[in-house]
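Structure first, commentary second.
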Amino acid sequence: MKLSLSRSQANDSARPDARACETLRRIALALGPVDAGVDVILTDDAFIRDINREYRGVDTPTDVISFSYLEDDGGDTFDGTARDNLAGEIYISCETLEKEATAQGIELKDLFLRIGVHGLLHVLGYRHATDSEAGEMEKEERRLLAAHLAPETVDRLF
């Protein structure tokens, strides 16, 4: 899958570095159909809270929300905008990531990769509603991250 990165709006939240973004692009290319794209939108807590409330009924910010369009006919985005060959969208709150990275004592760039991979897997249809699904998803996340991060870094992320 092709990956594009953008920001929903200007804010003061920390951003993942260019190397982490490039690593996520390489992972996306290896994962899915090369003719499909995924938009990764870096945002803040207020923006992602609105999405979380509207689409999940949860009135709090979160680190990541994904929308998969692989089974949709039109490739429309969650707001109804038509996009050709769009596999999905991933919204990542850099504000929440920064808080979580600090609280967990891990690098923002590493948490960004983990959350980005998590979002990509959701676009591809992975779920974690049951323990079995969660175990399979985590196993795949670890496998993908292990190709790009040191083993001890991967362990700290889970």
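Order determines the names: the first chain of the structure tokens is A, the second B, and so forth; residues in each chain are numbered 1 upward, and ligands are numbered 1 upward as they are shown.
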Which of range 119-153 of chain A end up as helix (DSSP H, G or I) when DSSP is run on this backbone - answer as a VMD selection string? chain A and resid 119 to 123 131 to 146 151 to 153
Quick one: everything within 8 Å of Leu31 in chain A, counting only C-alpha atoms, minus sequence neighbours fewer than 3 positions away in the same chain. Send it as a tab-separated table (two decimals) with N, CA and C atoms, in the first residue's frame.
chain	number	residue	atom	x	y	z
A	1	MET	N	0.84	-1.17	0.00
A	1	MET	CA	0.00	0.00	0.00
A	1	MET	C	0.89	1.24	0.00
A	27	ILE	N	6.84	-0.29	5.57
A	27	ILE	CA	5.99	-1.36	6.11
A	27	ILE	C	4.69	-1.42	5.32
A	28	ALA	N	4.09	-0.26	5.05
A	28	ALA	CA	2.81	-0.22	4.31
A	28	ALA	C	2.99	-0.80	2.91
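Distance check against Glu22 in chain A using only C-alpha atoms: of A:Lys139, A:Asp50, A:Arg56, A:Leu5, the minimum falls on A:Leu5.
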Assign secondary structure with DSSP using the backbone only, and return the residues of chain A in strand (DSSP E) as a VMD selection string. chain A and resid 2 to 7 37 to 43 64 to 68 86 to 93
Could you give me, as JSON lines, every range 30-56 of chain A residue with an atom at most 6 Å from range 83-103 of chain A, plus its closest atom pair and distance in Å to one decimal, counting only C-alpha atoms, rows ordered by chain then number?
{"residue": "A:Ala36", "atom": "CA", "partner": "A:Asn85", "partner_atom": "CA", "distance": 4.8}
{"residue": "A:Gly37", "atom": "CA", "partner": "A:Leu86", "partner_atom": "CA", "distance": 4.8}
{"residue": "A:Val38", "atom": "CA", "partner": "A:Gly88", "partner_atom": "CA", "distance": 4.9}
{"residue": "A:Asp39", "atom": "CA", "partner": "A:Glu89", "partner_atom": "CA", "distance": 4.7}
{"residue": "A:Val40", "atom": "CA", "partner": "A:Ile90", "partner_atom": "CA", "distance": 4.7}
{"residue": "A:Ile41", "atom": "CA", "partner": "A:Tyr91", "partner_atom": "CA", "distance": 4.9}
{"residue": "A:Leu42", "atom": "CA", "partner": "A:Ile92", "partner_atom": "CA", "distance": 5.0}
{"residue": "A:Thr43", "atom": "CA", "partner": "A:Ser93", "partner_atom": "CA", "distance": 4.8}
{"residue": "A:Asp44", "atom": "CA", "partner": "A:Ser93", "partner_atom": "CA", "distance": 4.7}
{"residue": "A:Asp45", "atom": "CA", "partner": "A:Ser93", "partner_atom": "CA", "distance": 5.7}
Spatial neighbours of range 130-137 of chain A, max dist 8 Å, only C-alpha atoms, sep filter under 3 positions, as a list in words: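 Near neighbours after the sequence-gap exclusion: His118, Leu121, Tyr126, Arg127, Glu140 and Glu141 of chain A.
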Which polymer residues have any atom within 10 Å of an atom of Thr60 in chain A, counting only C-alpha atoms, with same-chain residues fewer than 6 positions away left out, as a VMD selection string? chain A and resid 45 to 46 48 to 53
Could you turn the residues from that selection into a file that holds C-alpha atoms, as a PDB file, in the first residue's frame?
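The result, stored in again.pdb:
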ATOM      1  CA  ASP A  45      -6.595  15.336  20.868  1.00  0.00           C
ATOM      2  CA  ALA A  46      -9.516  17.666  20.115  1.00  0.00           C
ATOM      3  CA  ILE A  48      -9.480  12.777  17.273  1.00  0.00           C
ATOM      4  CA  ARG A  49     -11.893  13.120  20.205  1.00  0.00           C
ATOM      5  CA  ASP A  50     -14.560  14.384  17.796  1.00  0.00           C
ATOM      6  CA  ILE A  51     -13.985  11.397  15.502  1.00  0.00           C
ATOM      7  CA  ASN A  52     -13.968   8.970  18.446  1.00  0.00           C
ATOM      8  CA  ARG A  53     -17.252  10.391  19.744  1.00  0.00           C
TER       9      ARG A  53
END
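Rounded to one decimal, CA of Thr153 in chain A and CA of Phe112 in chain A lie 12.6 Å from each other.
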Between A:Ile115, A:Ala30, A:Leu124, A:Ile106, which has the minimum distance to Glu71 in chain A (counting only C-alpha atoms)?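 Among A:Ile115, A:Ala30, A:Leu124, A:Ile106, it is A:Leu124 that comes nearest to Glu71 in chain A.
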Which neighbours of Arg25 in chain A fall inside 9 Å, counting only C-alpha atoms, when residues of the same chain fewer than 4 positions from it are skipped, and could you give them as JSON, numbers by chain? {"A": [1, 2, 3, 4, 20, 21, 29, 30]}
d(CA of Leu120 in chain A, CA of Thr23 in chain A) in Å: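 Atom-to-atom, CA of Leu120 in chain A and CA of Thr23 in chain A are spaced 12.8 Å apart.
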